[in-house]
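The block underneath contains the structure these notes are about, expressed in structure tokens.
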Amino acid sequence: MNTERFFVLLVTILLGVNLSGKDIYVSVDGNNAAPGTKDQPLASLYGARDLIRQIRETNNLKEEIRVIISGGTYFMTEPLELTGVDSGRTDSPVIFMAAKGEVPVFVGGIQIKNWEKVTDGLWKAKVPQVSQYGLYFEQLYVNGNRAVRAKSPNKGFYYVKEVEETVIDQGRDRIPAMAVQNLKLFPPAASDFSTFSKNDYHDALVTFYHKWDNTRKRVTSFSADSSAVCIVGTGMKPWNKLDSTTRFTIENYEAALDTYGEWFLQRNGDLFYMPRPGENMADVKVYAPLTEQFLVIKGSEEKVVRNLRFENLRFEVAGYRTPLWGNEAAQAAAPIEAAIMLDYAQEIDFSNCRISHTGTNAFWFRKACANSSVTHCYLNDLGAGGIKIGDRQIPDNPDDLTRNITIDNNIIRSGGYVFPCAVGVTIFHASDSKISHNEIANFRYSGISVGWVYGYSESPSKRNTIEYNHIHHLGWGDLSDMGGVYCLGKSEGTSVNNNVIHHVYSYDYGGWGLYTDEGSTGIMMENNLVYACKSSAFHQHFGKNNTIKNNIFAANIRAQLQATRVEEHLSFSFINNIVWYNSGTLLSSRWGKFNIHTDKNCYWDTRTKDIRFGKLAFKEWQESGKDRNSIIADPDFVDPQHFDFRIQNKALMRKIGFMPFDYTKAGVYGSHEWKELAKFDPELANKFDGMVKIIEQRANVQK
């Protein structure tokens, strides 16, 4: 024990205060050499952790410990790491909490000041840490908003003309271990690469958008003669290559700094920024991240971290630094870590916390986590997704499977800014978890993803509950093959019930509400309202013994129901559903060829009573053995044009056995202020609608 800490403990014992360790105080005006009393508080979470460890060395503490943190801004230079020695007791947890009525904010970065005017629209600040310590950051936050690292084009995308791949080392897998891709470009993008300096080749990043993936690479070379760039790394995935449908953006080269809200950092530490309208550089607050993580809870198989609670805390400003070779394509940005990482952690609870302005995900309950929760938290402005549950690999020891994680009553929105293919909430290999009453919006890919085994191989992801979530405004026309709720693999006992899903719009195929993908098995989808999705309300790629029951599927754009791969077994049952539409078709792909049980449904097309089931009239469809007790009838929604789908036709409900459900219960609950915070920005909603209108008009012209 060092002399300073021994002195603190001696004073504590002599004064007879804080002996039980029940209350430890932290303040921005504190000192980590202080005893942690209310009058002599500590200065940081690190100090509180270390004091608790020291107290426990001399006292077999069995009481609850509360770390009470005063309001103010605490700057973090590294994540707080907690291990098994930091555990609480079964009925006496260690609680990190805000002082009553106060708001402590933990900032994982530095504030940048002393801005100098370069021109009317350009300002500069010196960041000495860049040249002195190699702090070449990739995110910047201005007045609580994420600034845009200089990129081209400013809006939309460039398109790849043609791709040729040369395999250097095939390795042993389907994906070559090393390859060079030569990408031929159209003139606008080629013109941008022609401006590159030598430093631009080191630092510029190209983000490719292909189907459901993003690949992020540095450019190795550019040929003006062939208008082509080369990138190097792992070979392309055979099932999702870069090709002529691929779009991309280029970021972080000096010539791209050409519009307000953009910034560019030179290696010598000169930071340039073009203010947004209304920003006053004399009082602007600009933060650059120092760390990628706020908190790492790192147990082990021998010593699990247990019984910790975090209440009423705010964590802001974290980053992500791209590896030298970039990021290879990965569905759901699966390998990317989180600002709060947990491994071998149980009984860990986060309540009323806020995680904002990150370079990665907010939370990841990864290896061997159990009986933990995130409740009433606000997660926004995320570089990747919101919350990830379970490991990407099936654990060798079944006891190490992550289980019983509750994600309830949270606002999870505005993510995918570094990794667009990230998901609001992802369950990898995990069981018996509950995702409920969350507001999930404004991501570029899926809202909730459940399961991580492709096809019919055994999966441990069972009995997960997805219920009462409000999931909306996803995709934004950037990626494809997404769903409001996306399911994968054998998931017996999993339920997707009482969710409201709407405004899911993909770039190409696959803007679905409910999506049972490869091998989805044993899933119940009941009492969901799905509307205003691009491709259809429900789509099954292939799966087995799923049940789609008592849902309202309404006003989806291009089709209402879709199924793709025909298999001999019973793929799903479709019963007691109401399908209402005023655009597109009823069915898409191979719905009529599937081995499905479909009955006691109601179908209504506002444009005609002659509803076609593929090429068949309704009577012919029934004679084929489908929907024998279903009806064509108007459910008489209160106001479907404004998405009020309360049903007034009670006789219809009795006839098909439809049980009314209160879809207004989906989303967050609690105080008026909390519900107001969850409301979606009307300007963003209008922007989304405008995007959909333009693309749909273009698609109709091309037909």
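By convention in this document, the chains of the structure tokens carry letters A, B, ... by their order, each chain's residues are numbered from 1, and ligands are numbered from 1 in the order they are shown.
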Filtered DSSP result for stretch 33-199 of chain A, state helix (DSSP H, G or I), as a PyMOL selection string: chain A and resi 45-58+84-86+128-133+187-193+198-199
Name the residues in contact with stretch 450-464 of chain A at a cut-off of 10 Å, using only C-alpha atoms, excluding same-chain residues fewer than 5 positions from it; report them as a PyMOL selection string. chain A and resi 389-395+398+401-405+425-435+485-496+516-523+542-544
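Shortest atom-to-atom contact with A:Leu324 among A:Arg354, A:Arg174, A:Lys217, A:Arg444: A:Lys217, counting only C-alpha atoms.
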Just the residues within 10 Å of A:Ser226, please, counting only C-alpha atoms, with nothing from its chain fewer than 5 positions along; format it as a ChimeraX atom specification. /A:183-185,190
Selected residues written out, C-alpha atoms, as a PDB file, in the first residue's frame:
ATOM      1  CA  LEU A 183     -12.306   0.016 -59.039  1.00  0.00           C
ATOM      2  CA  LYS A 184     -13.044   2.002 -62.155  1.00  0.00           C
ATOM      3  CA  LEU A 185     -14.886   5.229 -61.467  1.00  0.00           C
ATOM      4  CA  ALA A 190     -12.155  10.366 -60.474  1.00  0.00           C
TER       5      ALA A 190
END
Please provide the set of residues having any atom within 7 Å of stretch 344-348 of chain A, restricted to only C-alpha atoms, with same-chain residues fewer than 6 positions apart removed, written as an mmCIF file with C-alpha atoms, in the first residue's frame.
data_model
loop_
_atom_site.group_PDB
_atom_site.id
_atom_site.type_symbol
_atom_site.label_atom_id
_atom_site.label_comp_id
_atom_site.auth_asym_id
_atom_site.auth_seq_id
_atom_site.Cartn_x
_atom_site.Cartn_y
_atom_site.Cartn_z
ATOM 1 C CA ILE A 297 -16.394 -4.066 -16.908
ATOM 2 C CA LYS A 298 -13.975 -6.918 -17.340
ATOM 3 C CA GLY A 299 -14.517 -10.048 -15.353
ATOM 4 C CA SER A 300 -13.084 -13.483 -15.987
ATOM 5 C CA GLU A 301 -14.242 -17.065 -15.801
ATOM 6 C CA VAL A 304 -17.055 -12.568 -12.487
ATOM 7 C CA VAL A 305 -17.922 -8.899 -11.888
ATOM 8 C CA ARG A 306 -21.185 -8.716 -9.963
ATOM 9 C CA ASN A 307 -23.697 -6.349 -8.404
ATOM 10 C CA LEU A 308 -22.906 -2.926 -9.795
ATOM 11 C CA ARG A 309 -25.413 -0.156 -10.520
ATOM 12 C CA LYS A 367 -19.193 -12.712 -23.020
ATOM 13 C CA ALA A 368 -20.901 -14.566 -20.185
ATOM 14 C CA CYS A 369 -23.130 -11.708 -19.070
ATOM 15 C CA ALA A 370 -26.362 -12.392 -17.199
ATOM 16 C CA ASN A 371 -29.212 -10.882 -15.192
ATOM 17 C CA SER A 372 -28.380 -7.317 -16.156
ATOM 18 C CA SER A 373 -30.316 -4.373 -17.523
#
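Shortest atom-to-atom contact with A:Tyr133 among A:Ala48, A:Ile407, A:Leu290, A:Ala537: A:Leu290, counting only C-alpha atoms.
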Applying 6 Å and only C-alpha atoms, which residues near stretch 558-564 of chain A remain after dropping the ones on its own chain fewer than 4 positions away? List them as a PyMOL selection string. chain A and resi 534-541+584-591
Strand (DSSP E or B) call set, DSSP backbone run, stretch 298-397 of chain A, as a PyMOL selection string: chain A and resi 298+305-311+314-316+327+338-343+345-351+354-356+361-365+370-375+378-380+387-389+391
Residues near A:Tyr531, cut-off 9 Å, only C-alpha atoms, skip fewer than 3 positions along chain, as an MDAnalysis selection string: chainID A and resid 500:504 513 536:537 552:557 643
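For the pair atom CA of A:Thr249 and atom CA of A:Ile112, the separation is 27.3 Å.
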Test item: residues at most 8 Å from A:Val284, only C-alpha atoms, excluding those fewer than 5 positions along its chain, as a PyMOL selection string: chain A and resi 142-143+279
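Shortest atom-to-atom contact with A:Phe186 among A:Ala204, A:Ala228, A:Lys609, A:Thr83: A:Ala228, counting only C-alpha atoms.
Of the residues under consideration (A:Asp381, A:Asp50, A:Glu568, A:Glu81), A:Asp381 shows the shortest atom-to-atom contact distance to A:His357 when counting only C-alpha atoms.
With distances restricted to only C-alpha atoms, A:Ser506 is the closest residue to A:Val692 from A:Ser506, A:Gly625, A:Phe96, A:Gly614.
Nearest residue to A:Pro238 among A:Ile68, A:Glu165, A:Lys198, A:Lys549 is A:Glu165, counting only C-alpha atoms.
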Between atom CA of A:Met274 and atom CA of A:Ala685, what is the spacing in Å? 26.5 Å
